[in-house]
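Data from protein_17.txt: compact mmCIF, C-alpha atoms and all ligand atoms
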```
# COMPACT_ATOMS: atom_id res chain seq x y z
CA MET H 1 124.77 127.19 78.83
CA ALA H 2 121.04 127.57 78.06
CA ASP H 3 119.62 131.12 78.20
CA TRP H 4 117.57 130.27 81.31
CA ALA H 5 120.67 128.94 83.06
CA VAL H 6 122.49 132.22 82.47
CA GLN H 7 119.43 134.18 83.61
CA VAL H 8 119.03 132.21 86.86
CA ALA H 9 122.76 132.29 87.60
CA GLY H 10 122.68 136.07 87.08
CA LEU H 11 119.72 136.48 89.43
CA VAL H 12 121.15 134.34 92.22
CA GLY H 13 124.78 135.35 91.82
CA ASP H 14 126.62 134.72 95.07
CA GLN H 15 123.64 135.69 97.25
CA ALA H 16 122.32 132.23 98.24
CA GLY H 17 124.33 132.13 101.49
CA GLU H 18 123.16 135.62 102.42
CA TRP H 19 119.50 134.73 101.71
CA ASP H 20 119.93 131.59 103.81
CA ARG H 21 121.28 133.56 106.78
CA ALA H 22 118.62 136.26 106.41
CA GLY H 23 115.88 133.61 105.99
CA ARG H 24 114.42 135.50 103.05
CA ILE H 25 114.71 135.73 99.27
CA PRO H 26 114.12 139.31 98.07
CA ARG H 27 110.68 139.62 96.44
CA GLU H 28 112.29 141.36 93.43
CA VAL H 29 114.13 138.11 92.62
CA LEU H 30 110.88 136.13 92.63
CA ASP H 31 109.16 138.87 90.60
CA GLU H 32 111.97 138.81 88.05
CA LEU H 33 111.67 135.03 87.73
CA GLY H 34 107.97 135.54 87.06
CA ARG H 35 108.69 138.17 84.40
CA SER H 36 111.15 135.83 82.69
CA GLY H 37 108.62 132.95 82.68
CA LEU H 38 110.85 130.69 84.79
CA LEU H 39 108.85 130.55 88.00
CA CYS H 40 106.67 127.66 86.81
CA ALA H 41 108.03 126.94 83.39
CA GLN H 42 106.13 123.68 82.89
CA VAL H 43 102.80 125.49 82.48
CA PRO H 44 101.61 124.96 78.88
CA ALA H 45 102.04 127.79 76.38
CA GLY H 46 98.22 127.93 76.01
CA HIS H 47 98.09 129.27 79.57
CA GLY H 48 100.99 131.68 79.15
CA GLY H 49 103.75 129.35 80.35
CA ALA H 50 107.02 128.32 78.73
CA GLY H 51 105.58 124.82 78.22
CA LEU H 52 108.77 122.99 79.17
CA VAL H 53 108.46 119.21 79.13
CA SER H 54 109.43 117.40 82.34
CA LEU H 55 112.96 116.63 81.16
CA GLU H 56 113.63 120.30 80.38
CA ASN H 57 111.91 121.51 83.53
CA GLY H 58 114.00 119.00 85.48
CA SER H 59 117.24 120.45 84.08
CA LEU H 60 116.07 123.93 85.09
CA THR H 61 115.14 122.65 88.56
CA ALA H 62 118.52 120.96 89.03
CA HIS H 63 120.29 124.12 87.93
CA VAL H 64 118.37 126.26 90.42
CA GLY H 65 118.94 123.57 93.08
CA SER H 66 122.69 123.72 92.49
CA LEU H 67 122.61 127.47 93.22
CA CYS H 68 120.04 127.79 96.01
CA SER H 69 117.81 125.06 97.46
CA SER H 70 115.55 127.67 99.07
CA LEU H 71 114.76 129.24 95.70
CA ARG H 72 114.33 125.78 94.19
CA SER H 73 111.88 124.94 97.02
CA VAL H 74 109.83 128.08 96.32
CA MET H 75 109.77 127.14 92.63
CA THR H 76 108.75 123.57 93.50
CA SER H 77 105.79 124.92 95.50
CA GLN H 78 104.83 127.25 92.68
CA GLY H 79 105.05 124.38 90.19
CA MET H 80 103.09 122.07 92.48
CA ALA H 81 100.29 124.63 92.89
CA ALA H 82 100.20 125.14 89.11
CA TRP H 83 100.14 121.38 88.56
CA ALA H 84 97.27 120.98 91.06
CA ILE H 85 95.27 123.64 89.20
CA GLN H 86 96.10 122.09 85.82
CA ARG H 87 95.23 118.53 86.95
CA LEU H 88 92.23 119.20 89.15
CA GLY H 89 90.79 122.49 87.87
CA THR H 90 88.24 123.18 85.14
CA ASP H 91 89.26 124.89 81.87
CA ARG H 92 87.95 128.16 83.30
CA GLN H 93 90.00 127.79 86.49
CA CYS H 94 93.13 126.99 84.45
CA SER H 95 92.58 130.11 82.32
CA ASP H 96 91.94 132.24 85.40
CA TRP H 97 94.88 131.15 87.56
CA LEU H 98 97.68 129.60 85.53
CA PRO H 99 98.66 132.84 83.72
CA LEU H 100 98.78 134.60 87.11
CA LEU H 101 101.13 131.97 88.54
CA VAL H 102 103.33 132.14 85.45
CA ASP H 103 103.60 135.93 85.80
CA GLY H 104 104.65 135.90 89.43
CA THR H 105 101.59 135.62 91.67
CA LEU H 106 103.19 133.35 94.28
CA ALA H 107 101.55 130.13 95.39
CA ALA H 108 102.03 127.32 97.89
CA VAL H 109 100.36 124.01 98.67
CA GLY H 110 99.01 122.99 102.10
CA PHE H 111 98.49 119.31 102.89
CA SER H 112 100.22 118.70 106.23
CA GLU H 113 98.61 119.27 109.61
CA PRO H 114 99.78 118.72 113.17
CA GLN H 115 98.20 115.22 113.18
CA ALA H 116 98.53 114.53 109.44
CA GLY H 117 102.16 114.24 108.33
CA SER H 118 103.06 110.99 106.56
CA ASP H 119 99.44 109.90 106.97
CA LEU H 120 97.48 112.41 104.92
CA SER H 121 94.29 110.38 105.35
CA ALA H 122 94.19 112.10 108.77
CA ILE H 123 93.66 115.56 107.21
CA ASN H 124 91.13 117.34 109.38
CA THR H 125 90.75 120.78 107.75
CA SER H 126 87.08 121.15 106.89
CA VAL H 127 85.61 122.69 103.77
CA ARG H 128 81.85 123.29 103.78
CA THR H 129 79.45 125.01 101.45
CA ASP H 130 77.61 128.11 102.63
CA GLY H 131 75.51 129.74 99.88
CA ASP H 132 77.80 130.72 97.00
CA ASP H 133 80.89 130.31 99.18
CA VAL H 134 82.90 127.60 100.83
CA VAL H 135 84.18 128.06 104.39
CA LEU H 136 87.48 126.56 105.58
CA ASP H 137 88.56 125.78 109.14
CA GLY H 138 91.83 124.10 110.01
CA HIS H 139 95.56 124.34 110.59
CA LYS H 140 98.25 123.56 108.03
CA VAL H 141 101.90 123.24 109.04
CA TRP H 142 105.27 123.57 107.35
CA VAL H 143 103.88 124.93 104.11
CA THR H 144 106.87 125.80 101.91
CA ALA H 145 106.74 129.32 100.47
CA ALA H 146 103.62 130.20 102.49
CA ALA H 147 105.46 133.24 103.89
CA TYR H 148 105.71 134.62 100.32
CA ALA H 149 102.48 133.26 98.88
CA ASP H 150 99.60 135.28 97.48
CA LEU H 151 97.52 132.10 97.08
CA ILE H 152 97.59 128.72 98.82
CA VAL H 153 96.00 125.55 97.47
CA ILE H 154 94.50 124.03 100.61
CA PHE H 155 93.56 120.36 100.77
CA GLY H 156 90.70 119.59 103.12
CA ARG H 157 87.81 117.33 103.89
CA TYR H 158 84.46 117.99 102.19
CA GLY H 159 81.67 115.72 103.44
CA SER H 160 82.90 112.15 103.01
CA GLY H 161 85.39 113.20 100.30
CA GLY H 162 87.92 115.94 99.81
CA ALA H 163 88.42 119.32 98.18
CA ALA H 164 91.35 121.38 96.95
CA VAL H 165 90.61 125.09 97.32
CA VAL H 166 92.56 128.10 96.05
CA VAL H 167 92.66 130.51 99.00
CA PRO H 168 94.10 134.05 98.77
CA THR H 169 96.42 134.70 101.72
CA ASP H 170 94.72 138.05 102.38
CA ALA H 171 91.35 136.35 102.99
CA PRO H 172 89.89 137.33 106.39
CA GLY H 173 90.51 134.56 108.94
CA LEU H 174 93.75 133.30 107.33
CA ARG H 175 96.92 133.72 109.38
CA ILE H 176 100.49 132.87 108.35
CA GLU H 177 102.88 131.84 111.15
CA ARG H 178 106.45 131.55 109.98
CA VAL H 179 108.53 128.51 111.01
CA GLU H 180 111.44 129.96 112.97
CA ASP H 181 114.98 128.70 112.30
CA PRO H 182 114.37 125.68 110.06
CA LEU H 183 117.28 123.22 109.77
CA GLY H 184 117.80 123.99 106.09
CA CYS H 185 116.31 125.76 103.06
CA ARG H 186 116.06 128.63 105.52
CA ALA H 187 114.88 131.16 102.96
CA ALA H 188 112.11 128.93 101.56
CA GLY H 189 109.42 130.71 103.60
CA HIS H 190 108.07 127.69 105.52
CA ALA H 191 105.04 128.64 107.56
CA GLY H 192 101.99 127.34 109.33
CA VAL H 193 98.60 128.48 108.02
CA ARG H 194 95.65 128.99 110.37
CA LEU H 195 92.23 128.97 108.74
CA ASP H 196 89.45 130.26 110.98
CA GLY H 197 86.17 130.48 109.09
CA VAL H 198 87.94 131.53 105.87
CA ARG H 199 85.31 132.23 103.23
CA VAL H 200 86.04 132.07 99.48
CA PRO H 201 83.73 131.73 96.45
CA LYS H 202 82.73 128.19 95.44
CA ALA H 203 84.47 128.92 92.14
CA ASN H 204 87.79 128.56 94.05
CA VAL H 205 87.21 124.83 94.62
CA LEU H 206 89.29 123.01 92.02
CA GLY H 207 87.10 120.72 89.91
CA ALA H 208 84.34 119.13 91.95
CA ALA H 209 84.18 119.19 95.74
CA GLY H 210 83.77 115.76 97.31
CA SER H 211 86.30 113.90 95.12
CA SER H 212 88.48 111.24 96.73
CA LEU H 213 90.94 112.98 99.07
CA PRO H 214 93.81 110.50 98.46
CA LEU H 215 93.39 110.97 94.70
CA LEU H 216 93.45 114.77 95.01
CA VAL H 217 96.54 114.69 97.20
CA THR H 218 98.41 112.13 95.10
CA SER H 219 97.99 114.00 91.85
CA ALA H 220 99.41 117.22 93.33
CA LEU H 221 102.25 115.42 95.13
CA ALA H 222 103.47 113.79 91.91
CA TYR H 223 104.88 117.08 90.65
CA GLY H 224 106.49 117.89 94.00
CA ARG H 225 108.20 114.53 94.19
CA MET H 226 109.70 114.88 90.72
CA SER H 227 110.80 118.44 91.40
CA VAL H 228 112.46 117.57 94.72
CA ALA H 229 114.28 114.67 93.03
CA TRP H 230 115.71 117.05 90.43
CA GLY H 231 116.56 119.55 93.16
CA CYS H 232 118.67 116.82 94.78
CA VAL H 233 120.58 116.42 91.52
CA GLY H 234 121.38 120.12 91.85
CA ILE H 235 122.61 119.70 95.42
CA LEU H 236 124.85 116.86 94.27
CA SER H 237 126.29 118.76 91.32
CA ALA H 238 127.11 121.76 93.55
CA CYS H 239 128.80 119.44 96.07
CA LEU H 240 130.74 117.62 93.36
CA MET H 241 131.97 120.90 91.92
CA ALA H 242 133.02 122.31 95.30
CA ALA H 243 134.73 119.09 96.38
CA ALA H 244 136.57 118.61 93.08
CA GLN H 245 137.70 122.24 93.04
CA HIS H 246 139.04 122.00 96.57
CA ALA H 247 140.67 118.58 96.09
CA ALA H 248 142.45 119.83 92.97
CA SER H 249 143.72 123.07 94.49
CA ARG H 250 144.61 122.37 98.13
CA GLU H 251 147.80 120.49 98.92
CA GLN H 252 148.58 118.47 102.02
CA PHE H 253 151.58 116.15 102.48
CA GLY H 254 153.16 117.66 99.34
CA LYS H 255 150.42 116.88 96.81
CA PRO H 256 146.84 117.88 95.95
CA LEU H 257 144.19 116.34 98.24
CA GLY H 258 142.62 114.61 95.24
CA GLN H 259 145.76 112.53 94.79
CA HIS H 260 145.35 110.95 98.21
CA GLN H 261 143.40 107.79 97.49
CA LEU H 262 140.94 108.12 100.35
CA VAL H 263 140.01 111.63 99.22
CA ALA H 264 139.83 110.43 95.60
CA GLY H 265 137.38 107.80 96.87
CA HIS H 266 135.07 110.54 98.15
CA LEU H 267 135.22 112.26 94.76
CA ALA H 268 134.48 109.03 92.91
CA ASP H 269 131.49 108.32 95.17
CA LEU H 270 130.20 111.86 94.73
CA TYR H 271 130.51 111.53 90.98
CA VAL H 272 128.62 108.21 91.02
CA ALA H 273 125.94 109.76 93.24
CA GLU H 274 125.44 112.75 90.95
CA ARG H 275 125.37 110.64 87.78
CA THR H 276 123.03 108.03 89.29
CA ALA H 277 120.60 110.61 90.63
CA ARG H 278 120.57 112.46 87.31
CA LEU H 279 119.99 109.27 85.32
CA VAL H 280 117.07 108.10 87.45
CA CYS H 281 115.55 111.59 87.24
CA GLU H 282 115.93 111.58 83.46
CA HIS H 283 114.29 108.16 83.37
CA ALA H 284 111.36 109.40 85.48
CA SER H 285 110.96 112.58 83.41
CA ARG H 286 110.96 110.58 80.18
CA ALA H 287 108.20 108.37 81.64
CA TRP H 288 106.30 111.56 82.61
CA ASP H 289 106.71 113.07 79.14
CA ALA H 290 105.64 109.82 77.46
CA GLY H 291 102.58 109.52 79.71
CA SER H 292 103.85 106.08 80.72
CA PRO H 293 102.12 104.19 83.54
CA ASP H 294 105.63 103.58 84.95
CA VAL H 295 105.83 107.24 85.92
CA VAL H 296 104.60 106.66 89.48
CA SER H 297 107.26 104.11 90.46
CA ALA H 298 109.94 105.92 88.39
CA THR H 299 109.22 109.16 90.27
CA VAL H 300 109.36 107.49 93.69
CA LEU H 301 112.65 105.84 92.67
CA ALA H 302 114.06 109.20 91.51
CA LYS H 303 113.01 110.88 94.77
CA GLN H 304 114.47 108.06 96.86
CA VAL H 305 117.80 107.91 95.02
CA GLY H 306 118.04 111.71 94.80
CA ALA H 307 117.34 112.41 98.46
CA THR H 308 119.46 109.61 99.95
CA GLN H 309 122.38 110.32 97.61
CA ALA H 310 122.16 114.06 98.28
CA VAL H 311 122.45 113.42 102.03
CA ALA H 312 125.42 111.07 101.58
CA GLY H 313 127.02 113.27 98.90
CA ALA H 314 126.75 116.48 100.91
CA ALA H 315 128.39 114.75 103.87
CA ARG H 316 131.26 113.62 101.60
CA ALA H 317 131.69 117.14 100.25
CA VAL H 318 131.95 118.56 103.78
CA GLN H 319 134.51 115.84 104.56
CA VAL H 320 136.66 116.77 101.55
CA LEU H 321 136.60 120.48 102.35
CA ALA H 322 136.94 119.93 106.09
CA SER H 323 137.41 123.28 107.86
CA ALA H 324 137.14 125.16 104.54
CA GLY H 325 133.48 124.09 104.26
CA ALA H 326 132.58 123.93 107.92
CA ARG H 327 130.97 127.31 108.31
CA ASP H 328 127.51 128.68 107.89
CA GLY H 329 126.85 130.03 104.43
CA HIS H 330 129.40 127.86 102.61
CA VAL H 331 127.85 125.97 99.71
CA VAL H 332 128.66 122.52 101.15
CA ALA H 333 127.54 123.44 104.67
CA ARG H 334 124.26 124.68 103.23
CA ALA H 335 123.93 121.54 101.10
CA TYR H 336 124.52 119.37 104.17
CA ARG H 337 121.56 120.98 105.99
CA ASP H 338 119.32 121.36 102.95
CA ALA H 339 119.81 117.76 101.76
CA LYS H 340 118.56 116.25 105.01
CA LEU H 341 115.19 117.95 104.57
CA MET H 342 114.80 116.25 101.19
CA GLU H 343 114.58 112.89 103.01
CA LEU H 344 111.56 114.13 104.97
CA ILE H 345 109.32 115.65 102.31
CA GLU H 346 107.17 114.58 99.36
CA GLY H 347 107.17 111.07 100.83
CA SER H 348 109.85 110.47 103.44
CA THR H 349 112.63 107.97 102.85
CA GLU H 350 110.67 105.40 104.86
CA LEU H 351 107.45 105.91 102.91
CA CYS H 352 109.30 105.77 99.59
CA ARG H 353 110.91 102.50 100.70
CA LEU H 354 107.49 101.07 101.49
CA LEU H 355 106.19 102.14 98.06
CA LEU H 356 109.25 100.69 96.32
CA ALA H 357 108.94 97.42 98.25
CA GLN H 358 105.30 97.14 97.13
CA HIS H 359 106.40 97.88 93.56
CA ALA H 360 109.06 95.17 93.82
CA LEU H 361 106.44 92.67 94.98
CA ASP H 362 103.99 93.69 92.25
CA THR H 363 106.46 93.66 89.36
CA THR H 364 108.01 90.33 90.31
CA ARG H 365 104.68 88.54 90.94
CA GLY H 366 104.34 87.00 87.47
CA LEU H 367 108.03 86.10 87.32
CA ARG H 368 107.99 84.57 90.80
CA GLU H 369 105.11 82.26 89.89
CA ASN H 370 107.30 80.57 87.25
CA TRP H 371 110.57 80.80 89.16
P1 LIG E 1 105.71 111.89 110.75
O1 LIG E 1 104.65 111.51 109.79
O2 LIG E 1 105.35 112.07 112.17
O3 LIG E 1 106.87 110.79 110.64
C1 LIG E 1 107.97 110.75 111.56
C2 LIG E 1 108.91 109.63 111.10
O4 LIG E 1 108.21 108.37 111.08
C3 LIG E 1 109.42 109.84 109.68
O5 LIG E 1 110.74 109.38 109.59
C4 LIG E 1 108.51 108.97 108.83
O6 LIG E 1 109.13 108.54 107.63
C5 LIG E 1 108.29 107.80 109.79
N1 LIG E 1 107.03 107.12 109.49
C6 LIG E 1 105.76 107.62 109.55
N2 LIG E 1 104.86 106.69 109.17
C7 LIG E 1 105.58 105.59 108.86
C8 LIG E 1 105.23 104.28 108.37
N3 LIG E 1 103.96 103.92 108.11
N4 LIG E 1 106.22 103.39 108.15
C9 LIG E 1 107.52 103.74 108.37
N5 LIG E 1 107.91 104.95 108.82
C10 LIG E 1 106.95 105.86 109.04
N6 LIG E 1 103.71 120.07 103.96
C11 LIG E 1 102.85 120.67 103.12
O7 LIG E 1 101.65 120.44 103.19
N7 LIG E 1 103.28 121.56 102.17
C12 LIG E 1 104.60 121.86 102.02
O8 LIG E 1 104.95 122.67 101.15
C13 LIG E 1 105.54 121.24 102.91
N8 LIG E 1 106.86 121.56 102.84
C14 LIG E 1 107.72 121.03 103.79
C15 LIG E 1 109.06 121.43 103.78
C16 LIG E 1 109.93 120.97 104.76
C17 LIG E 1 111.33 121.42 104.77
C18 LIG E 1 109.45 120.07 105.77
C19 LIG E 1 110.37 119.55 106.84
C20 LIG E 1 108.14 119.65 105.75
C21 LIG E 1 107.27 120.12 104.77
N9 LIG E 1 105.93 119.75 104.75
C22 LIG E 1 105.04 120.33 103.89
C23 LIG E 1 105.47 118.75 105.70
C24 LIG E 1 105.92 117.36 105.25
O9 LIG E 1 105.13 116.92 104.18
C25 LIG E 1 105.89 116.40 106.45
O10 LIG E 1 106.90 116.83 107.36
C26 LIG E 1 106.12 114.97 106.05
O11 LIG E 1 105.01 114.47 105.36
C27 LIG E 1 106.41 114.08 107.26
O12 LIG E 1 105.43 114.26 108.22
P2 LIG E 1 105.84 114.55 109.73
O13 LIG E 1 106.92 115.56 109.74
O14 LIG E 1 104.62 114.82 110.48
O15 LIG E 1 106.50 113.19 110.22
```
Please rewrite the model in this file as structure tokens.
Amino acid sequence: MADWAVQVAGLVGDQAGEWDRAGRIPREVLDELGRSGLLCAQVPAGHGGAGLVSLENGSLTAHVGSLCSSLRSVMTSQGMAAWAIQRLGTDRQCSDWLPLLVDGTLAAVGFSEPQAGSDLSAINTSVRTDGDDVVLDGHKVWVTAAAYADLIVIFGRYGSGGAAVVVPTDAPGLRIERVEDPLGCRAAGHAGVRLDGVRVPKANVLGAAGSSLPLLVTSALAYGRMSVAWGCVGILSACLMAAAQHAASREQFGKPLGQHQLVAGHLADLYVAERTARLVCEHASRAWDAGSPDVVSATVLAKQVGATQAVAGAARAVQVLASAGARDGHVVARAYRDAKLMELIEGSTELCRLLLAQHALDTTRGLRENW
């Protein structure tokens, strides 16, 4: 096992169920991840990060996801905030903020609003210049890790364009309102963020204010989509392990469950799901690392396969364990709830299908003309 895998396994131990029930990951755990450089390990070494390439970062993400989807979600938000700064920020902004995020200053990303869910063109949060400051007014919802965050990258409207602004959570006028009792990833710190005349220096606007809002949003979402896809691989590997362990050790009708063909069928399908999700994620990460133009469609494919297979796979795992897994806090029960959320975020299953359908039409156009 890689050093980081041992480190993360040591930090999480058997506490994921307890964190889920308590709805909170202890801050010391997040601080320790920062100290060990694992909180956003893709940040380049030049900015103090571990500089993992996407394929390596994906393996780390899947490993964390197999242990605790809430922690993986917090790390996805941290990584997404770092990626937004890296992609959209100036050299100065990267030097100012990326080392902080690597070391454990916690960050989240706020796109969604009550009227802007799947349709982010409806974002209504306003960002306006006032002297040397910008002032933000708006309401973000369901921001993962906002309950822990020291900084939130807020996406808003600036004139006829958009702006991504790094906002400290202790800024006057900013209020965090925790989402009570989420379906899954209960310790991921989901919260709404109210912004009432929040004033920060202009220097906190990433790059130039007034850039295209869809472009700003898309570049930050790319990291989140890849990370969630890898997190789903983790959910599947945890489910496969739990189901295989149970099917090999529990006997009914005089033989191990796994020797009953219908149960063996569940195991085979879980294995196929885990392998398929991992392979499409590896494909997407290789495209990312190579800077290939295919990365966009490969990432949507990875997210779609990962999320849908995680939902189906977690349901199979619960079926194999039956009453043994049918209680709050059990790894497969947690996976069952956590997996469903993965179909809603970073492009829901429906939106990913629409994107993949468009990709199918685009990539077959030339071939269809001569068909
Ligand atoms: P809606 O947009 O209202 O959609 C409802 C349903 O209609 C969905 O099934 C959707 O797929 C479908 N639908 C919508 N439009 C179409 C269409 N054109 N064609 C077909 N079907 C369509 N937001 C953040 O900004 N930051 C975060 O960190 C963050 N984390 C989240 C974590 C969790 C666990 C959850 C649940 C949400 C999170 N969100 C976050 C919000 C998330 O991005 C939105 O929930 C998501 O974009 C869907 O929006 P919505 O919930 O408003 O659903």
Range 331-335 of chain H environment, 12 Å, all atoms listed in the file, sequence neighbours closer than 3 positions dropped, as a PyMOL selection string: chain H and resi 14-21+65-70+183-187+231-244+246+307+309-328+338-342
Limited to C-alpha atoms, could you put the picked residues into a file as a PDB file, in the frame of the given file?
```pdb
ATOM      1  CA  ASP H  14     126.620 134.720  95.070  1.00  0.00           C
ATOM      2  CA  GLN H  15     123.640 135.690  97.250  1.00  0.00           C
ATOM      3  CA  ALA H  16     122.320 132.230  98.240  1.00  0.00           C
ATOM      4  CA  GLY H  17     124.330 132.130 101.490  1.00  0.00           C
ATOM      5  CA  GLU H  18     123.160 135.620 102.420  1.00  0.00           C
ATOM      6  CA  TRP H  19     119.500 134.730 101.710  1.00  0.00           C
ATOM      7  CA  ASP H  20     119.930 131.590 103.810  1.00  0.00           C
ATOM      8  CA  ARG H  21     121.280 133.560 106.780  1.00  0.00           C
ATOM      9  CA  GLY H  65     118.940 123.570  93.080  1.00  0.00           C
ATOM     10  CA  SER H  66     122.690 123.720  92.490  1.00  0.00           C
ATOM     11  CA  LEU H  67     122.610 127.470  93.220  1.00  0.00           C
ATOM     12  CA  CYS H  68     120.040 127.790  96.010  1.00  0.00           C
ATOM     13  CA  SER H  69     117.810 125.060  97.460  1.00  0.00           C
ATOM     14  CA  SER H  70     115.550 127.670  99.070  1.00  0.00           C
ATOM     15  CA  LEU H 183     117.280 123.220 109.770  1.00  0.00           C
ATOM     16  CA  GLY H 184     117.800 123.990 106.090  1.00  0.00           C
ATOM     17  CA  CYS H 185     116.310 125.760 103.060  1.00  0.00           C
ATOM     18  CA  ARG H 186     116.060 128.630 105.520  1.00  0.00           C
ATOM     19  CA  ALA H 187     114.880 131.160 102.960  1.00  0.00           C
ATOM     20  CA  GLY H 231     116.560 119.550  93.160  1.00  0.00           C
ATOM     21  CA  CYS H 232     118.670 116.820  94.780  1.00  0.00           C
ATOM     22  CA  VAL H 233     120.580 116.420  91.520  1.00  0.00           C
ATOM     23  CA  GLY H 234     121.380 120.120  91.850  1.00  0.00           C
ATOM     24  CA  ILE H 235     122.610 119.700  95.420  1.00  0.00           C
ATOM     25  CA  LEU H 236     124.850 116.860  94.270  1.00  0.00           C
ATOM     26  CA  SER H 237     126.290 118.760  91.320  1.00  0.00           C
ATOM     27  CA  ALA H 238     127.110 121.760  93.550  1.00  0.00           C
ATOM     28  CA  CYS H 239     128.800 119.440  96.070  1.00  0.00           C
ATOM     29  CA  LEU H 240     130.740 117.620  93.360  1.00  0.00           C
ATOM     30  CA  MET H 241     131.970 120.900  91.920  1.00  0.00           C
ATOM     31  CA  ALA H 242     133.020 122.310  95.300  1.00  0.00           C
ATOM     32  CA  ALA H 243     134.730 119.090  96.380  1.00  0.00           C
ATOM     33  CA  ALA H 244     136.570 118.610  93.080  1.00  0.00           C
ATOM     34  CA  HIS H 246     139.040 122.000  96.570  1.00  0.00           C
ATOM     35  CA  ALA H 307     117.340 112.410  98.460  1.00  0.00           C
ATOM     36  CA  GLN H 309     122.380 110.320  97.610  1.00  0.00           C
ATOM     37  CA  ALA H 310     122.160 114.060  98.280  1.00  0.00           C
ATOM     38  CA  VAL H 311     122.450 113.420 102.030  1.00  0.00           C
ATOM     39  CA  ALA H 312     125.420 111.070 101.580  1.00  0.00           C
ATOM     40  CA  GLY H 313     127.020 113.270  98.900  1.00  0.00           C
ATOM     41  CA  ALA H 314     126.750 116.480 100.910  1.00  0.00           C
ATOM     42  CA  ALA H 315     128.390 114.750 103.870  1.00  0.00           C
ATOM     43  CA  ARG H 316     131.260 113.620 101.600  1.00  0.00           C
ATOM     44  CA  ALA H 317     131.690 117.140 100.250  1.00  0.00           C
ATOM     45  CA  VAL H 318     131.950 118.560 103.780  1.00  0.00           C
ATOM     46  CA  GLN H 319     134.510 115.840 104.560  1.00  0.00           C
ATOM     47  CA  VAL H 320     136.660 116.770 101.550  1.00  0.00           C
ATOM     48  CA  LEU H 321     136.600 120.480 102.350  1.00  0.00           C
ATOM     49  CA  ALA H 322     136.940 119.930 106.090  1.00  0.00           C
ATOM     50  CA  SER H 323     137.410 123.280 107.860  1.00  0.00           C
ATOM     51  CA  ALA H 324     137.140 125.160 104.540  1.00  0.00           C
ATOM     52  CA  GLY H 325     133.480 124.090 104.260  1.00  0.00           C
ATOM     53  CA  ALA H 326     132.580 123.930 107.920  1.00  0.00           C
ATOM     54  CA  ARG H 327     130.970 127.310 108.310  1.00  0.00           C
ATOM     55  CA  ASP H 328     127.510 128.680 107.890  1.00  0.00           C
ATOM     56  CA  ASP H 338     119.320 121.360 102.950  1.00  0.00           C
ATOM     57  CA  ALA H 339     119.810 117.760 101.760  1.00  0.00           C
ATOM     58  CA  LYS H 340     118.560 116.250 105.010  1.00  0.00           C
ATOM     59  CA  LEU H 341     115.190 117.950 104.570  1.00  0.00           C
ATOM     60  CA  MET H 342     114.800 116.250 101.190  1.00  0.00           C
TER      61      MET H 342
END
```
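Take the candidates H:Gln245, H:Gly258, H:Arg72, H:Arg178 and check each one against Ala229 in chain H using all atoms listed in the file; the shortest distance goes to H:Arg72.
Using only C-alpha atoms and all ligand atoms, the smallest distance between any of H:Asp289, H:Asp132, H:Asp119, H:Asp362 and ligand LIG 1 (chain E) comes from H:Asp119.
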Test item: residues no farther than 6 Å from ligand LIG 1 (chain E), counting all atoms listed in the file, as a ChimeraX atom specification: /H:109-112,117-118,142-144,341,344-346,348-351
Between range 132-222 of chain H and range 87-95 of chain H, at 9 Å or less, what are the per-residue closest atom pairs and their distances in Å? Count all atoms listed in the file, order by chain and rising residue number, and return it as JSON lines.
```
{"residue": "H:Ala164", "atom": "CA", "partner": "H:Leu88", "partner_atom": "CA", "distance": 8.1}
{"residue": "H:Ala203", "atom": "CA", "partner": "H:Gln93", "partner_atom": "CA", "distance": 8.0}
{"residue": "H:Asn204", "atom": "CA", "partner": "H:Gln93", "partner_atom": "CA", "distance": 7.9}
{"residue": "H:Val205", "atom": "CA", "partner": "H:Gly89", "partner_atom": "CA", "distance": 8.0}
{"residue": "H:Leu206", "atom": "CA", "partner": "H:Gly89", "partner_atom": "CA", "distance": 4.4}
{"residue": "H:Gly207", "atom": "CA", "partner": "H:Gly89", "partner_atom": "CA", "distance": 4.6}
{"residue": "H:Ala208", "atom": "CA", "partner": "H:Gly89", "partner_atom": "CA", "distance": 8.3}
{"residue": "H:Leu216", "atom": "CA", "partner": "H:Leu88", "partner_atom": "CA", "distance": 7.4}
{"residue": "H:Ser219", "atom": "CA", "partner": "H:Arg87", "partner_atom": "CA", "distance": 7.2}
{"residue": "H:Ala220", "atom": "CA", "partner": "H:Arg87", "partner_atom": "CA", "distance": 7.7}
```
